[in-house]
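Participant: Quick one: the structure is below, and I'll ask about it shortly.
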Amino acid sequence: MSNFSHQLHSSYGHPVLRHWAANINAFSTYTFVYPVFISDNPDANEEIASLPGQRRIGTQHLLEYLAPAIAAGLKSVLLFGVLSGSEKKDSIGSLASQPGNPIPPAIELLRQAHPNLLIACDVCLCAYTSHGHCGVLDSDGRIDSALSARRIADSAIYYAKAGAHVVAPSDMMDGRVREIKEALQDRSLLDKVAVLSYACKFASAFYGPFRDAAQSAPSFGDRSRYQLPPRSAALAIRAAERDVDEGADMLMVKPGTAYLDIVSQVHQKFPNHPLAIYHVSGEFAMLWHGAKAGAFDFKRISLEVFGSMLRAGANIIISYATPMALEWIREDSLV
């Protein structure tokens, strides 16, 4: 069995990855990653009411949609697939790894138009399963962790073959990083594709707008059996350690603002791994609506929040405010 934690080439195979490998905790265009919802309807350009300023976008409008951020220095995107009808979903999330998935056409388009852009792809089943859970269920309606990890690896390979630079499993199944690494190795892709693990992903109330955007809410129950309990720092550290041992190139803490203690602990325990923090949909929407109500200035409070994330130890910030942050950097108006 390979020790993937000692195989490093995947961690620095792209210029953006090499910058992240320096573990620089400072504002720059490399700091921010923009999450983008890719619809399987090529002509889609749909406003997401619960997530201000964001859209479900089809490939026909994708380049135009990203053009302002690209002009401001966007270096990386994180792609999420969205299916336009529930009839396309099934119990095992087949379209997570088959034609009909909107992500591979988006990867091809972006690589042709912007060859220097780092393309990361979220890897999960929730947007493709009829039940909305992040894995495959057994006959009792509980997660089958081993089968789910294999399906996650199937999806990761599908995106890797399409040209993704980074695959980012967000499902929180035990063993999925190793399954992905083994699958990449079997297809001679191990040194070409990095794994950004959602290592410390909590069962949070902050995800509400995202589930609307991705149309991925569970049809029954919740995700507390596989996402982390919000009060358990110990489990978070164990989860990060598990994924490091299995060969994750980068780690992530999600959500952000309420979990800066976890960011700090993960950074201290694994200082040699680039560390991302996801400023999730509910956090972004909370700041947006608060600013609209006149409670505070959106730019000033966003920069305060982002600064706290860097101070805690993150060096990658995934945020829906990325286009605005890039403009602030370009204008040199970060104070």
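Each chain in the structure tokens gets a letter, A, B, ..., in the order shown, and its residues are numbered from 1; ligands are numbered from 1 in order too.
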If DSSP is run on the backbone, what residues of stretch 140-296 of chain A are alpha helix (DSSP H)? A reply as an MDAnalysis selection string would be ideal.

Facilitator: chainID A and resid 145:162 176:186 208:214 233:245 260:269 281:292

Participant: Running DSSP on the backbone, which parts of stretch 233-306 of chain A land in strand (DSSP E or B), as a list of chain:residue names?

Facilitator: A:Met250, A:Leu251, A:Met252, A:Val253, A:Lys254, A:Leu275, A:Ala276, A:Ile277, A:Tyr278, A:His279

Participant: Pick from A:Pro255, A:Gly85, A:Pro169, A:Pro271: nearest to A:Ser319, with only C-alpha atoms counted?

Facilitator: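 The answer is A:Pro255, which sits nearest to A:Ser319.
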
Participant: If you count only C-alpha atoms, which residues fall within 8 Å of A:Phe32, apart from same-chain ones fewer than 4 positions away, as a PyMOL selection string?

Facilitator: chain A and resi 28+74-76+316-319+322+325-326

Participant: Can you pull out the residues contacting A:Tyr320? Cut-off 8 Å, using only C-alpha atoms, and skip same-chain residues under 3 positions away; I want them as a ChimeraX atom specification.

Facilitator: /A:34-35,54,279-281,284,323

Participant: Please write the residues from the selection above to a file, keeping C-alpha atoms, as an mmCIF file, in the first residue's frame.

Facilitator:
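Output file result-v4.cif is given in full below:
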data_model
loop_
_atom_site.group_PDB
_atom_site.id
_atom_site.type_symbol
_atom_site.label_atom_id
_atom_site.label_comp_id
_atom_site.auth_asym_id
_atom_site.auth_seq_id
_atom_site.Cartn_x
_atom_site.Cartn_y
_atom_site.Cartn_z
ATOM 1 C CA TYR A 34 -14.205 31.905 -6.137
ATOM 2 C CA PRO A 35 -16.972 29.261 -5.779
ATOM 3 C CA GLN A 54 -24.297 34.785 -7.133
ATOM 4 C CA HIS A 279 -16.273 31.607 4.170
ATOM 5 C CA VAL A 280 -19.545 29.825 3.514
ATOM 6 C CA SER A 281 -22.836 30.997 2.071
ATOM 7 C CA PHE A 284 -21.411 35.809 3.331
ATOM 8 C CA PRO A 323 -14.639 39.312 -6.998
#

Participant: Excluding A:Leu110 and any residue of its chain fewer than 2 positions from it, enumerate the residues within 10 Å of it, using only C-alpha atoms, and give them as a PyMOL selection string.

Facilitator: chain A and resi 59+62-63+66+77+104-108+112-119+163

Participant: Take the residues from that selection and write them out as a compact mmCIF listing (two decimals), in the first residue's frame, keeping N, CA and C atoms.

Facilitator:
# COMPACT_ATOMS: atom_id res chain seq x y z
N THR A 59 -22.59 27.02 -19.35
CA THR A 59 -21.33 27.22 -20.06
C THR A 59 -21.41 28.34 -21.10
N LEU A 62 -20.59 31.40 -18.97
CA LEU A 62 -19.58 31.28 -17.93
C LEU A 62 -18.43 32.26 -18.10
N LEU A 63 -17.90 32.38 -19.30
CA LEU A 63 -16.75 33.26 -19.51
C LEU A 63 -17.13 34.72 -19.26
N LEU A 66 -17.41 35.34 -15.46
CA LEU A 66 -16.14 35.41 -14.75
C LEU A 66 -15.23 36.54 -15.22
N VAL A 77 -10.74 29.01 -9.19
CA VAL A 77 -12.18 28.81 -9.00
C VAL A 77 -12.41 27.45 -8.37
N PRO A 104 -17.34 18.78 -16.38
CA PRO A 104 -16.31 18.60 -17.42
C PRO A 104 -16.39 19.60 -18.58
N PRO A 105 -17.58 19.93 -19.10
CA PRO A 105 -17.60 20.95 -20.16
C PRO A 105 -17.11 22.32 -19.67
N ALA A 106 -17.40 22.63 -18.41
CA ALA A 106 -16.92 23.90 -17.84
C ALA A 106 -15.40 23.89 -17.71
N ILE A 107 -14.84 22.75 -17.28
CA ILE A 107 -13.38 22.64 -17.18
C ILE A 107 -12.74 22.87 -18.54
N GLU A 108 -13.25 22.19 -19.55
CA GLU A 108 -12.69 22.33 -20.90
C GLU A 108 -12.74 23.77 -21.37
N GLN A 112 -9.32 26.24 -21.90
CA GLN A 112 -9.03 26.82 -23.21
C GLN A 112 -8.95 28.34 -23.14
N ALA A 113 -9.87 28.95 -22.41
CA ALA A 113 -9.94 30.42 -22.37
C ALA A 113 -8.92 31.02 -21.41
N HIS A 114 -8.65 30.31 -20.31
CA HIS A 114 -7.78 30.85 -19.25
C HIS A 114 -6.82 29.76 -18.79
N PRO A 115 -5.80 29.49 -19.58
CA PRO A 115 -4.91 28.34 -19.28
C PRO A 115 -4.15 28.45 -17.98
N ASN A 116 -4.02 29.65 -17.41
CA ASN A 116 -3.30 29.81 -16.15
C ASN A 116 -4.20 29.74 -14.93
N LEU A 117 -5.50 29.67 -15.13
CA LEU A 117 -6.45 29.61 -14.02
C LEU A 117 -6.40 28.24 -13.36
N LEU A 118 -6.29 28.20 -12.04
CA LEU A 118 -6.36 26.93 -11.31
C LEU A 118 -7.82 26.53 -11.18
N ILE A 119 -8.13 25.32 -11.61
CA ILE A 119 -9.51 24.83 -11.57
C ILE A 119 -9.62 23.73 -10.53
N GLY A 163 -9.60 17.38 -16.77
CA GLY A 163 -8.60 18.43 -16.72
C GLY A 163 -8.56 19.24 -15.45

Participant: Which residues are close to A:Glu283, i.e. within 12 Å by only C-alpha atoms, leaving aside same-chain residues fewer than 2 positions away? Reply as a ChimeraX atom specification.

Facilitator: /A:50-52,204-210,254-259,278-281,285-290,301-302,305-306,318-321

Participant: Export C-alpha atoms of the chosen residues as a JSON list (two decimals), in the first residue's frame?

Facilitator:
[["chain", "number", "residue", "atom", "x", "y", "z"],
["A", 50, "SER", "CA", -30.70, 33.42, -0.95],
["A", 51, "LEU", "CA", -27.10, 34.06, -2.02],
["A", 52, "PRO", "CA", -26.84, 37.71, -3.14],
["A", 204, "SER", "CA", -23.41, 23.73, 10.46],
["A", 205, "ALA", "CA", -26.48, 25.93, 10.13],
["A", 206, "PHE", "CA", -24.43, 28.32, 8.00],
["A", 207, "TYR", "CA", -24.92, 26.24, 4.83],
["A", 208, "GLY", "CA", -28.55, 27.15, 4.14],
["A", 209, "PRO", "CA", -28.09, 29.42, 1.09],
["A", 210, "PHE", "CA", -25.62, 26.99, -0.48],
["A", 254, "LYS", "CA", -15.51, 24.84, 6.94],
["A", 255, "PRO", "CA", -17.32, 27.06, 7.98],
["A", 256, "GLY", "CA", -14.97, 29.91, 8.75],
["A", 257, "THR", "CA", -15.80, 32.64, 11.23],
["A", 258, "ALA", "CA", -17.19, 30.44, 14.01],
["A", 259, "TYR", "CA", -14.29, 27.97, 13.72],
["A", 278, "TYR", "CA", -14.39, 28.38, 3.45],
["A", 279, "HIS", "CA", -16.27, 31.61, 4.17],
["A", 280, "VAL", "CA", -19.55, 29.83, 3.51],
["A", 281, "SER", "CA", -22.84, 31.00, 2.07],
["A", 285, "ALA", "CA", -25.17, 36.39, 3.27],
["A", 286, "MET", "CA", -25.14, 37.51, 6.91],
["A", 287, "LEU", "CA", -22.56, 40.20, 6.16],
["A", 288, "TRP", "CA", -24.29, 41.22, 2.95],
["A", 289, "HIS", "CA", -27.72, 41.66, 4.53],
["A", 290, "GLY", "CA", -26.28, 43.34, 7.61],
["A", 301, "ILE", "CA", -16.31, 44.14, 7.91],
["A", 302, "SER", "CA", -15.35, 41.67, 5.16],
["A", 305, "VAL", "CA", -13.24, 38.85, 8.86],
["A", 306, "PHE", "CA", -10.74, 37.85, 6.17],
["A", 318, "ILE", "CA", -12.80, 30.51, -0.43],
["A", 319, "SER", "CA", -15.46, 33.20, -0.56],
["A", 320, "TYR", "CA", -18.41, 34.48, -2.56],
["A", 321, "ALA", "CA", -16.94, 37.94, -1.98]]

Participant: Which polymer residues have any atom within 9 Å of an atom of A:Ile57, counting only C-alpha atoms, with same-chain residues fewer than 6 positions away left out, as a list in words?

Facilitator: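 Here the answer would be Val36, Phe37, Ile38, Ser39, Asp40, Asn41, Pro42, Asp43, Ala44, Asn45, Glu46, Glu47 and Tyr65 of chain A.
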
Participant: Measure the distance from atom CA of A:Arg330 to atom CA of A:His61 in Å and round it to one decimal.

Facilitator: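 Distance reported for this atom pair: 24.6 Å.
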
Participant: Show me, as a Markdown table, the residues of stretch 244-289 of chain A having an atom within 8 Å of stretch 170-186 of chain A, each with the closest atom pair and its distance in Å, using only C-alpha atoms.

Facilitator:
| residue | atom | partner | partner_atom | distance |
| --- | --- | --- | --- | --- |
| A:Glu246 | CA | A:Arg178 | CA | 5.0 |
| A:Gly247 | CA | A:Arg178 | CA | 6.8 |
| A:Ala248 | CA | A:Val177 | CA | 6.4 |

Participant: Between A:Ala160, A:Val253, A:Ile24, A:Ala69, which is the closest to A:Cys200 once you count only C-alpha atoms?

Facilitator: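 Of A:Ala160, A:Val253, A:Ile24, A:Ala69, the one nearest A:Cys200, counting only C-alpha atoms, is A:Val253.
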
Participant: Could the residues of stretch 246-306 of chain A that have an atom at most 10 Å from stretch 8-21 of chain A be listed as JSON lines, each with its closest atom pair and the distance in Å to one decimal, counting only C-alpha atoms and ordered by chain and ascending residue number?

Facilitator:
{"residue": "A:Gly247", "atom": "CA", "partner": "A:Leu8", "partner_atom": "CA", "distance": 8.9}
{"residue": "A:Ala248", "atom": "CA", "partner": "A:Ser11", "partner_atom": "CA", "distance": 8.9}
{"residue": "A:Asp249", "atom": "CA", "partner": "A:Ser11", "partner_atom": "CA", "distance": 5.4}
{"residue": "A:Met250", "atom": "CA", "partner": "A:Ser11", "partner_atom": "CA", "distance": 7.8}
{"residue": "A:Asn272", "atom": "CA", "partner": "A:Ala21", "partner_atom": "CA", "distance": 8.0}
{"residue": "A:His273", "atom": "CA", "partner": "A:Ala21", "partner_atom": "CA", "distance": 7.3}
{"residue": "A:Pro274", "atom": "CA", "partner": "A:Ala21", "partner_atom": "CA", "distance": 5.9}
{"residue": "A:Leu275", "atom": "CA", "partner": "A:Trp20", "partner_atom": "CA", "distance": 8.6}
{"residue": "A:Ala276", "atom": "CA", "partner": "A:Trp20", "partner_atom": "CA", "distance": 9.6}
